[in-house]
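Visitor: Structure: final.tsv, TSV, C-alpha atoms.
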chain	number	residue	atom	x	y	z
A	1	MET	CA	16.91	-15.89	-2.78
A	2	PHE	CA	18.00	-15.85	-6.43
A	3	TYR	CA	20.43	-13.05	-5.58
A	4	TRP	CA	22.81	-15.63	-4.16
A	5	LEU	CA	23.16	-17.19	-7.61
A	6	ALA	CA	25.37	-14.21	-8.40
A	7	GLU	CA	28.04	-15.92	-6.31
A	8	LEU	CA	28.22	-18.55	-9.09
A	9	SER	CA	28.92	-15.97	-11.78
A	10	GLU	CA	32.44	-17.31	-12.25
A	11	ALA	CA	30.93	-20.60	-13.41
A	12	PHE	CA	28.26	-18.93	-15.54
A	13	MET	CA	28.46	-15.21	-16.34
A	14	GLY	CA	24.67	-14.94	-16.76
A	15	PHE	CA	24.24	-15.29	-13.00
A	16	ASN	CA	25.93	-11.91	-12.63
A	17	LEU	CA	22.65	-10.28	-13.70
A	18	PHE	CA	21.18	-11.20	-10.33
A	19	ARG	CA	23.47	-8.65	-8.68
A	20	TYR	CA	21.45	-5.82	-10.21
A	21	ILE	CA	18.41	-4.56	-8.33
A	22	THR	CA	16.67	-3.51	-11.54
A	23	THR	CA	16.99	-7.01	-13.01
A	24	ARG	CA	15.56	-8.61	-9.90
A	25	ALA	CA	12.81	-5.98	-9.67
A	26	GLY	CA	11.71	-6.80	-13.21
A	27	ALA	CA	11.75	-10.50	-12.40
A	28	ALA	CA	9.74	-9.90	-9.22
A	29	PHE	CA	7.13	-7.98	-11.20
A	30	VAL	CA	6.75	-10.75	-13.77
A	31	THR	CA	6.70	-13.48	-11.11
A	32	ALA	CA	3.97	-11.74	-9.11
A	33	LEU	CA	1.93	-11.01	-12.23
A	34	ILE	CA	2.05	-14.63	-13.42
A	35	PHE	CA	1.25	-15.80	-9.89
A	36	GLY	CA	-1.90	-13.66	-9.94
A	37	PHE	CA	-3.03	-15.00	-13.31
A	38	VAL	CA	-2.35	-18.64	-12.37
A	39	PHE	CA	-3.89	-18.68	-8.91
A	40	GLY	CA	-6.56	-15.99	-9.34
A	41	LYS	CA	-9.40	-18.17	-10.62
A	42	PRO	CA	-8.80	-21.09	-8.23
A	43	LEU	CA	-8.66	-18.71	-5.25
A	44	ILE	CA	-11.87	-16.94	-6.27
A	45	ALA	CA	-13.63	-20.28	-6.75
A	46	PHE	CA	-12.43	-21.38	-3.29
A	47	LEU	CA	-13.61	-18.13	-1.69
A	48	ARG	CA	-17.03	-18.46	-3.34
A	49	ARG	CA	-17.44	-21.97	-1.95
A	50	ARG	CA	-16.33	-21.02	1.54
A	51	GLN	CA	-18.15	-17.69	1.84
A	52	GLY	CA	-21.47	-18.54	0.24
A	53	LYS	CA	-23.17	-15.14	0.25
A	54	GLY	CA	-19.90	-13.28	-0.17
A	55	GLN	CA	-19.01	-10.01	1.51
A	56	PRO	CA	-21.87	-8.53	3.56
A	57	ILE	CA	-23.00	-5.22	2.02
A	58	ARG	CA	-23.73	-2.26	4.30
A	59	GLU	CA	-27.43	-1.40	4.24
A	60	ASP	CA	-26.63	2.28	4.83
A	61	GLY	CA	-24.36	2.37	1.77
A	62	PRO	CA	-25.33	3.35	-1.78
A	63	GLU	CA	-28.50	1.57	-2.85
A	64	SER	CA	-26.92	0.30	-6.06
A	65	HIS	CA	-24.39	-1.75	-4.09
A	66	LEU	CA	-27.14	-3.95	-2.65
A	67	LEU	CA	-27.88	-5.20	-6.16
A	68	THR	CA	-24.60	-5.07	-8.06
A	69	LYS	CA	-22.13	-6.18	-5.38
A	70	LYS	CA	-24.17	-8.66	-3.38
A	71	GLY	CA	-22.67	-12.15	-3.39
A	72	THR	CA	-19.17	-11.07	-4.42
A	73	PRO	CA	-16.51	-12.87	-2.35
A	74	THR	CA	-13.99	-10.93	-0.32
A	75	MET	CA	-10.45	-11.66	0.98
A	76	GLY	CA	-9.04	-11.26	-2.53
A	77	GLY	CA	-6.14	-9.51	-0.84
A	78	LEU	CA	-4.80	-13.00	-0.20
A	79	LEU	CA	-3.94	-13.18	-3.91
A	80	ILE	CA	-1.96	-9.95	-3.78
A	81	LEU	CA	-0.20	-10.82	-0.53
A	82	SER	CA	0.72	-14.34	-1.70
A	83	ALA	CA	2.15	-13.04	-4.97
A	84	LEU	CA	3.97	-10.23	-3.15
A	85	VAL	CA	5.50	-12.40	-0.45
A	86	VAL	CA	6.57	-15.21	-2.80
A	87	SER	CA	8.10	-12.81	-5.34
A	88	THR	CA	9.91	-10.79	-2.69
A	89	LEU	CA	11.37	-13.88	-1.03
A	90	LEU	CA	12.52	-15.19	-4.41
A	91	TRP	CA	14.09	-12.02	-5.80
A	92	ALA	CA	15.02	-9.65	-2.95
A	93	ARG	CA	18.18	-9.81	-0.87
A	94	LEU	CA	17.10	-11.54	2.31
A	95	ASP	CA	19.98	-10.03	4.30
A	96	ASN	CA	18.50	-6.56	3.86
A	97	PRO	CA	16.75	-5.30	7.04
A	98	TYR	CA	14.50	-2.86	5.15
A	99	VAL	CA	13.01	-5.70	3.11
A	100	TRP	CA	12.10	-7.62	6.26
A	101	LEU	CA	10.79	-4.49	7.98
A	102	VAL	CA	8.37	-3.69	5.18
A	103	LEU	CA	7.48	-7.32	4.50
A	104	LEU	CA	6.63	-8.07	8.14
A	105	VAL	CA	4.53	-4.90	8.49
A	106	THR	CA	2.63	-5.87	5.34
A	107	VAL	CA	1.93	-9.41	6.50
A	108	ALA	CA	1.01	-8.31	10.03
A	109	PHE	CA	-1.56	-5.78	8.80
A	110	GLY	CA	-2.80	-8.40	6.35
A	111	LEU	CA	-3.48	-10.75	9.27
A	112	ILE	CA	-5.51	-8.05	11.03
A	113	GLY	CA	-7.50	-7.54	7.85
A	114	PHE	CA	-7.96	-11.29	7.40
A	115	ALA	CA	-9.36	-11.62	10.91
A	116	ASP	CA	-11.77	-8.76	10.21
A	117	ASP	CA	-12.90	-10.21	6.87
A	118	TYR	CA	-13.32	-13.67	8.38
A	119	ALA	CA	-15.45	-12.28	11.20
A	120	LYS	CA	-17.66	-10.46	8.69
A	121	VAL	CA	-18.33	-13.42	6.42
A	122	SER	CA	-18.76	-15.88	9.29
A	123	LYS	CA	-21.26	-13.61	11.07
A	124	GLY	CA	-22.98	-12.60	7.85
A	125	ASN	CA	-22.85	-8.86	8.55
A	126	HIS	CA	-20.50	-5.96	7.95
A	127	LYS	CA	-19.38	-5.74	11.58
A	128	GLY	CA	-16.10	-7.60	11.92
A	129	VAL	CA	-13.35	-7.13	14.48
A	130	SER	CA	-13.90	-4.13	16.74
A	131	GLY	CA	-12.41	-0.93	15.36
A	132	LYS	CA	-10.65	-0.33	18.69
A	133	VAL	CA	-9.03	-3.77	18.55
A	134	ARG	CA	-7.90	-3.27	14.96
A	135	MET	CA	-6.47	0.14	15.81
A	136	ALA	CA	-4.68	-1.17	18.90
A	137	LEU	CA	-3.10	-4.05	16.98
A	138	GLY	CA	-2.10	-1.71	14.19
A	139	MET	CA	-0.48	0.67	16.66
A	140	VAL	CA	1.56	-2.16	18.20
A	141	ILE	CA	2.81	-3.25	14.78
A	142	ALA	CA	3.63	0.33	13.81
A	143	LEU	CA	5.39	0.88	17.14
A	144	ILE	CA	7.67	-2.09	16.57
A	145	ALA	CA	8.34	-1.04	12.98
A	146	SER	CA	9.11	2.58	13.91
A	147	VAL	CA	11.51	1.60	16.68
A	148	ALA	CA	13.19	-0.88	14.33
A	149	ALA	CA	13.56	1.85	11.71
A	150	MET	CA	15.28	4.07	14.29
A	151	TYR	CA	17.94	1.40	14.78
A	152	ILE	CA	18.26	0.42	11.11
A	153	HIS	CA	18.71	3.95	9.78
A	154	PRO	CA	22.26	5.33	9.79
A	155	PRO	CA	23.03	7.40	12.94
A	156	GLU	CA	22.92	10.71	11.09
A	157	LEU	CA	19.34	10.03	9.93
A	158	SER	CA	17.93	8.13	12.90
A	159	GLY	CA	15.07	10.09	14.45
A	160	GLN	CA	15.30	12.76	11.75
A	161	LEU	CA	12.44	14.04	9.59
A	162	ALA	CA	13.48	14.93	6.05
A	163	VAL	CA	11.68	17.84	4.41
A	164	PRO	CA	11.04	17.59	0.64
A	165	VAL	CA	12.17	20.47	-1.61
A	166	PHE	CA	14.17	22.00	1.30
A	167	LYS	CA	16.59	19.12	1.04
A	168	SER	CA	19.22	20.36	3.47
A	169	VAL	CA	16.60	20.56	6.22
A	170	LEU	CA	16.45	17.77	8.77
A	171	ILE	CA	14.17	18.09	11.77
A	172	ASP	CA	15.59	16.24	14.77
A	173	MET	CA	12.60	14.54	16.33
A	174	GLY	CA	14.59	12.16	18.51
A	175	TRP	CA	12.37	9.45	19.93
A	176	PHE	CA	9.32	11.51	19.00
A	177	PHE	CA	9.94	10.07	15.55
A	178	VAL	CA	8.45	6.80	16.85
A	179	PRO	CA	4.90	8.13	17.37
A	180	PHE	CA	5.24	10.04	14.10
A	181	GLY	CA	6.22	6.86	12.26
A	182	MET	CA	3.31	5.07	13.91
A	183	PHE	CA	0.95	7.76	12.66
A	184	VAL	CA	2.30	7.41	9.11
A	185	ILE	CA	1.98	3.61	9.01
A	186	VAL	CA	-1.39	3.31	10.74
A	187	GLY	CA	-2.75	6.33	8.89
A	188	ALA	CA	-1.72	4.90	5.52
A	189	ALA	CA	-3.25	1.50	6.34
A	190	ASN	CA	-6.60	2.94	7.36
A	191	SER	CA	-6.70	5.50	4.54
A	192	VAL	CA	-6.30	2.80	1.90
A	193	ASN	CA	-8.94	0.78	3.75
A	194	LEU	CA	-11.39	3.68	3.49
A	195	THR	CA	-10.63	4.11	-0.21
A	196	ASP	CA	-11.48	0.50	-1.02
A	197	GLY	CA	-15.17	1.01	-1.74
A	198	LEU	CA	-15.58	0.64	-5.50
A	199	ASP	CA	-14.35	-1.94	-8.01
A	200	GLY	CA	-10.72	-1.19	-8.82
A	201	LEU	CA	-10.72	2.09	-6.91
A	202	ALA	CA	-8.03	1.30	-4.33
A	203	ILE	CA	-5.68	-1.09	-6.11
A	204	MET	CA	-4.58	1.18	-8.97
A	205	PRO	CA	-3.69	4.17	-6.72
A	206	VAL	CA	-1.84	1.71	-4.46
A	207	MET	CA	0.16	0.46	-7.44
A	208	ILE	CA	0.87	4.01	-8.59
A	209	ALA	CA	2.04	4.99	-5.10
A	210	ALA	CA	4.11	1.80	-4.74
A	211	GLY	CA	5.76	2.32	-8.11
A	212	THR	CA	6.61	5.90	-7.17
A	213	LEU	CA	7.98	4.92	-3.77
A	214	GLY	CA	9.96	2.15	-5.45
A	215	VAL	CA	11.70	4.69	-7.68
A	216	ILE	CA	12.35	6.90	-4.65
A	217	ALA	CA	13.71	3.95	-2.65
A	218	TYR	CA	16.07	3.06	-5.50
A	219	ALA	CA	17.23	6.66	-5.82
A	220	VAL	CA	17.89	7.30	-2.12
A	221	GLY	CA	19.65	3.93	-1.86
A	222	ARG	CA	22.33	4.97	-4.39
A	223	VAL	CA	24.95	7.45	-3.29
A	224	ASP	CA	25.51	8.73	-6.85
A	225	PHE	CA	21.80	9.47	-7.34
A	226	THR	CA	21.44	11.17	-3.96
A	227	SER	CA	24.46	13.34	-4.69
A	228	TYR	CA	22.94	14.46	-8.00
A	229	LEU	CA	19.42	14.92	-6.62
A	230	ASP	CA	20.70	16.47	-3.39
A	231	VAL	CA	18.62	14.16	-1.18
A	232	HIS	CA	19.62	12.16	1.86
A	233	TYR	CA	21.38	8.86	1.24
A	234	VAL	CA	19.76	5.91	3.00
A	235	PRO	CA	21.98	2.90	2.24
A	236	GLY	CA	20.14	-0.34	1.59
A	237	THR	CA	16.74	1.06	0.68
A	238	GLY	CA	17.29	0.44	-3.02
A	239	GLU	CA	16.36	-3.19	-2.42
A	240	LEU	CA	12.79	-2.04	-1.70
A	241	LEU	CA	12.39	-1.51	-5.44
A	242	VAL	CA	12.11	-5.30	-5.68
A	243	PHE	CA	9.31	-5.32	-3.10
A	244	CYS	CA	7.49	-2.47	-4.85
A	245	ALA	CA	7.81	-4.16	-8.25
A	246	ALA	CA	6.33	-7.35	-6.77
A	247	LEU	CA	3.48	-5.32	-5.29
A	248	VAL	CA	2.71	-3.73	-8.67
A	249	GLY	CA	2.82	-7.12	-10.40
A	250	GLY	CA	0.59	-8.73	-7.80
A	251	GLY	CA	-1.73	-5.73	-7.92
A	252	LEU	CA	-2.13	-5.99	-11.68
A	253	GLY	CA	-2.88	-9.70	-11.38
A	254	PHE	CA	-5.56	-8.88	-8.83
A	255	LEU	CA	-6.97	-6.00	-10.90
A	256	TRP	CA	-7.65	-8.47	-13.72
A	257	TYR	CA	-10.34	-9.96	-11.46
A	258	ASN	CA	-11.26	-6.78	-9.56
A	259	ALA	CA	-12.02	-4.65	-12.64
A	260	PRO	CA	-15.72	-3.67	-12.87
A	261	PRO	CA	-17.77	-5.74	-12.35
A	262	ALA	CA	-15.49	-7.24	-9.73
A	263	ALA	CA	-15.29	-11.01	-9.39
A	264	VAL	CA	-13.66	-10.55	-5.98
A	265	PHE	CA	-13.01	-7.77	-3.46
A	266	MET	CA	-9.61	-7.33	-1.81
A	267	GLY	CA	-11.26	-6.81	1.57
A	268	ASP	CA	-9.45	-5.56	4.64
A	269	THR	CA	-6.96	-8.38	4.07
A	270	GLY	CA	-5.62	-6.45	1.11
A	271	SER	CA	-6.36	-2.81	1.93
A	272	LEU	CA	-4.85	-2.77	5.42
A	273	ALA	CA	-1.80	-4.73	4.27
A	274	LEU	CA	-1.11	-2.56	1.23
A	275	GLY	CA	-1.65	0.67	3.13
A	276	GLY	CA	0.67	-0.51	5.88
A	277	ALA	CA	3.25	-1.40	3.23
A	278	LEU	CA	3.16	2.12	1.76
A	279	GLY	CA	3.56	3.66	5.20
A	280	ALA	CA	6.46	1.37	6.09
A	281	ILE	CA	8.26	2.13	2.81
A	282	ALA	CA	7.88	5.87	3.43
A	283	VAL	CA	9.33	5.52	6.94
A	284	ALA	CA	12.19	3.35	5.68
A	285	THR	CA	13.16	5.78	2.92
A	286	LYS	CA	12.70	8.93	5.06
A	287	HIS	CA	10.00	10.19	2.69
A	288	GLU	CA	7.04	10.30	5.05
A	289	ILE	CA	5.90	13.74	3.92
A	290	VAL	CA	6.21	12.78	0.25
A	291	LEU	CA	3.86	9.85	0.93
A	292	GLY	CA	1.22	12.46	1.84
A	293	ILE	CA	1.59	13.82	-1.71
A	294	VAL	CA	2.01	10.54	-3.60
A	295	GLY	CA	-0.86	9.00	-1.63
A	296	GLY	CA	-2.86	12.20	-1.66
A	297	LEU	CA	-6.00	10.41	-2.84
A	298	PHE	CA	-5.96	8.28	0.30
A	299	VAL	CA	-5.50	11.42	2.39
A	300	ILE	CA	-8.52	13.03	0.72
A	301	GLU	CA	-10.65	9.94	1.34
A	302	ALA	CA	-9.67	9.83	5.03
A	303	LEU	CA	-10.18	13.56	5.50
A	304	SER	CA	-13.66	13.35	3.96
A	305	VAL	CA	-14.65	10.86	6.67
A	306	ILE	CA	-13.08	12.90	9.47
A	307	ILE	CA	-14.74	16.11	8.27
A	308	GLN	CA	-18.10	14.39	7.85
A	309	VAL	CA	-18.04	12.88	11.35
A	310	LEU	CA	-16.83	16.01	13.15
A	311	TYR	CA	-19.21	18.35	11.32
A	312	PHE	CA	-22.19	16.04	11.89
A	313	LYS	CA	-21.45	15.78	15.60
A	314	ARG	CA	-21.19	19.54	15.85
A	315	THR	CA	-24.14	20.63	13.70
A	316	GLY	CA	-26.23	17.54	12.95
A	317	LYS	CA	-25.69	18.21	9.24
A	318	ARG	CA	-23.50	16.59	6.60
A	319	VAL	CA	-20.85	18.19	4.40
A	320	PHE	CA	-20.96	15.33	1.88
A	321	LEU	CA	-23.94	13.34	0.70
A	322	MET	CA	-22.03	10.28	1.95
A	323	ALA	CA	-18.49	9.61	3.10
A	324	PRO	CA	-15.88	8.50	2.07
A	325	ILE	CA	-15.97	11.00	-0.75
A	326	HIS	CA	-16.25	8.45	-3.59
A	327	HIS	CA	-19.75	7.63	-2.28
A	328	HIS	CA	-20.58	11.35	-2.42
A	329	PHE	CA	-20.01	11.30	-6.16
A	330	GLU	CA	-22.07	8.13	-6.47
A	331	LYS	CA	-24.93	9.93	-4.77
A	332	LYS	CA	-24.51	12.80	-7.24
A	333	GLY	CA	-25.14	10.37	-10.08
A	334	TRP	CA	-21.62	9.64	-11.32
A	335	ALA	CA	-21.22	6.14	-12.75
A	336	GLU	CA	-18.84	3.86	-10.86
A	337	PRO	CA	-16.27	3.52	-13.70
A	338	GLN	CA	-16.33	7.30	-14.10
A	339	ILE	CA	-15.42	7.83	-10.45
A	340	VAL	CA	-12.78	5.12	-10.48
A	341	ILE	CA	-10.96	6.30	-13.60
A	342	ARG	CA	-11.02	9.95	-12.54
A	343	PHE	CA	-9.59	9.02	-9.16
A	344	TRP	CA	-6.88	7.02	-10.95
A	345	ILE	CA	-5.99	10.15	-12.92
A	346	ILE	CA	-5.78	12.17	-9.71
A	347	SER	CA	-3.47	9.53	-8.20
A	348	LEU	CA	-1.19	9.60	-11.23
A	349	VAL	CA	-0.91	13.39	-11.16
A	350	LEU	CA	-0.11	13.38	-7.44
A	351	ALA	CA	2.51	10.68	-7.96
A	352	LEU	CA	4.23	12.79	-10.61
A	353	ILE	CA	4.21	15.76	-8.23
A	354	GLY	CA	5.74	13.54	-5.55
A	355	LEU	CA	8.48	12.40	-7.92
A	356	ALA	CA	9.15	16.02	-8.88
A	357	THR	CA	10.14	16.79	-5.29
A	358	LEU	CA	13.27	14.70	-5.89
A	359	LYS	CA	14.54	17.08	-8.58
A	360	ILE	CA	13.39	20.44	-7.20
A	361	ARG	CA	16.29	22.22	-5.54
Let me see the structure of the file written as structure tokens.
Guide:
Amino acid sequence: MFYWLAELSEAFMGFNLFRYITTRAGAAFVTALIFGFVFGKPLIAFLRRRQGKGQPIREDGPESHLLTKKGTPTMGGLLILSALVVSTLLWARLDNPYVWLVLLVTVAFGLIGFADDYAKVSKGNHKGVSGKVRMALGMVIALIASVAAMYIHPPELSGQLAVPVFKSVLIDMGWFFVPFGMFVIVGAANSVNLTDGLDGLAIMPVMIAAGTLGVIAYAVGRVDFTSYLDVHYVPGTGELLVFCAALVGGGLGFLWYNAPPAAVFMGDTGSLALGGALGAIAVATKHEIVLGIVGGLFVIEALSVIIQVLYFKRTGKRVFLMAPIHHHFEKKGWAEPQIVIRFWIISLVLALIGLATLKIR
């Protein structure tokens, strides 16, 4: 919205700053961060009043959770989403189709998560919306987003899969790109959802991944950068840096209240929305494979569940003491902050590796 003030730069030269994506990204970050600090406490107080007993804790989860996390309200993802949406609408170019694509995917997955969280707290147990219903709704959203991406991308990139490192390689998937894009978006949403099991565990890796994807979006949206880095130019994606900056700002505001011991959980409202956002950004920027590196922690968490389920069905035994894998380390006696910080370190290393793929020729 504030971008249009640049049209008044003849009257006041300072308005010319709003033309620059980096300026507006910085402003979006600050706006979302302040939003989180201002509305965090009132929202948590409201959620406590409305939810009473807070998020239902799984009885088959780690025993310590029944004592330390009982009574903590959920749906804290509303704080992140509100800050993200408001900041993006204020500072991003609203005539950019990629911004709307990612924003709508984020909000849509957030609504699925909200319905699930609401069902849990209203019923007083951990069973919310049916997993099949959530998956079906997520697939519909991802289908619409993937088809839209096919039409938004320039003709030479539509339906193509870019391969990192081997930058001249494009795999023509045609309309098979649609189910692939659906897999990326839905997979990212559910992987982040599985990761959200400890205080602060999911939000920091999400911010790290979003910051990395924001840099990538800015780079592939500039023809001079893509020429130097020898990557594919996707005009218009640079504006997603504003969205990513708002996500990081909103995430930091939320982390202030989610740091151990958490005053609020993001719930599925936040985890599904943020995961869907990462997947949509990757599809928009043609960096789907790089998302698997940058978001490698989420991949590991999801794989640990898949391996556990398949192996147990086949042998009746478990590979991990408990899945997702962060609970395995809890069972081994690791303290919660120890697991969280070490997983943050892993996320940061993977993000740096993902960024390195831009420069490797």
Visitor: For atom CA of Ile289 of chain A and atom CA of Gly354 of chain A, determine how far apart the two atoms are, in Å to one decimal place.
Guide: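 It comes out at 9.5 Å.
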Visitor: Here's a test: counting all atoms listed in the file, identify every protein, DNA and RNA residue with an atom at most 9 Å from (15.0, -0.4, -4.5) in the file's coordinate frame, and state them as a list in words.
Guide: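 Output of the proximity query reads Ile21, Thr22, Ala25, Leu213, Gly214, Val215, Ile216, Ala217, Tyr218, Ala219, Val220, Gly221, Gly236, Thr237, Gly238, Glu239, Leu240, Leu241, Val242, Phe243, Cys244 and Ala245 of chain A.
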Visitor: Would you mind telling me which residue in A:Leu47, A:Val206, A:Ala27, A:Val38 lies nearest to Val264 of chain A when using all atoms listed in the file?
Guide: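 Using all atoms listed in the file, Val264 of chain A sits closest to A:Leu47.
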Visitor: Rounded to one decimal in Å, what is the spacing between atom CA of Phe265 of chain A and atom CA of Val290 of chain A?
Guide: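 Computing the Euclidean distance for atom CA of Phe265 of chain A and atom CA of Val290 of chain A yields 28.4 Å.
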Visitor: Would you mind reading off the distance between atom CA of Pro155 of chain A and atom CA of Val178 of chain A, one decimal, in Å?
Guide: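 Atom CA of Pro155 of chain A sits 15.1 Å away from atom CA of Val178 of chain A.
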Visitor: A:Leu272, A:Ala136, A:Ala142, A:Ile34: which is nearest Ile185 of chain A, counting only C-alpha atoms?
Guide: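 Under the stated criterion, the closest residue is A:Ala142.
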Visitor: Using all atoms listed in the file, which of the listed residues (A:Leu255, A:Leu161, A:Val147, A:Val107) sits closest to Gly76 of chain A?
Guide: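 Under the stated criterion, the closest residue is A:Leu255.
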Visitor: Which polymer residues, protein or nucleic acid, are no farther than 12 Å from (9.3, 13.3, -9.4), counting all atoms listed in the file, as a ChimeraX atom specification?
Guide: /A:164-165,209,211-216,219,229,290,293-294,348-361
Visitor: Would you save the residues from that selection as a CSV table (one decimal), keeping the file's coordinate frame, using C-alpha atoms?
Guide:
chain,number,residue,atom,x,y,z
A,164,PRO,CA,11.0,17.6,0.6
A,165,VAL,CA,12.2,20.5,-1.6
A,209,ALA,CA,2.0,5.0,-5.1
A,211,GLY,CA,5.8,2.3,-8.1
A,212,THR,CA,6.6,5.9,-7.2
A,213,LEU,CA,8.0,4.9,-3.8
A,214,GLY,CA,10.0,2.2,-5.4
A,215,VAL,CA,11.7,4.7,-7.7
A,216,ILE,CA,12.4,6.9,-4.6
A,219,ALA,CA,17.2,6.7,-5.8
A,229,LEU,CA,19.4,14.9,-6.6
A,290,VAL,CA,6.2,12.8,0.2
A,293,ILE,CA,1.6,13.8,-1.7
A,294,VAL,CA,2.0,10.5,-3.6
A,348,LEU,CA,-1.2,9.6,-11.2
A,349,VAL,CA,-0.9,13.4,-11.2
A,350,LEU,CA,-0.1,13.4,-7.4
A,351,ALA,CA,2.5,10.7,-8.0
A,352,LEU,CA,4.2,12.8,-10.6
A,353,ILE,CA,4.2,15.8,-8.2
A,354,GLY,CA,5.7,13.5,-5.6
A,355,LEU,CA,8.5,12.4,-7.9
A,356,ALA,CA,9.2,16.0,-8.9
A,357,THR,CA,10.1,16.8,-5.3
A,358,LEU,CA,13.3,14.7,-5.9
A,359,LYS,CA,14.5,17.1,-8.6
A,360,ILE,CA,13.4,20.4,-7.2
A,361,ARG,CA,16.3,22.2,-5.5
Visitor: Leaving out segment 305-318 of chain A and any residue of its chain fewer than 6 positions from it, which residues lie within 10 Å of it when counting all atoms listed in the file, given as JSON, numbers by chain?
Guide: {"A": [191, 194, 324, 325]}
Visitor: So, counting all atoms listed in the file, which residue among A:Pro154, A:Gly138, A:Gly267, A:Gly71 is closest to Phe109 of chain A?
Guide: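 Closest to Phe109 of chain A of all the choices is A:Gly138.
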Visitor: Using only C-alpha atoms, pick whichever of A:Met204, A:Ala273, A:Leu103, A:Leu297 has the shortest atom-to-atom distance to Trp256 of chain A.
Guide: A:Met204
Visitor: Select, from A:Gly276, A:Pro73, A:Gly249, A:Gly181, the residue with the minimum atom-to-atom distance to Ile112 of chain A, counting only C-alpha atoms.
Guide: A:Gly276
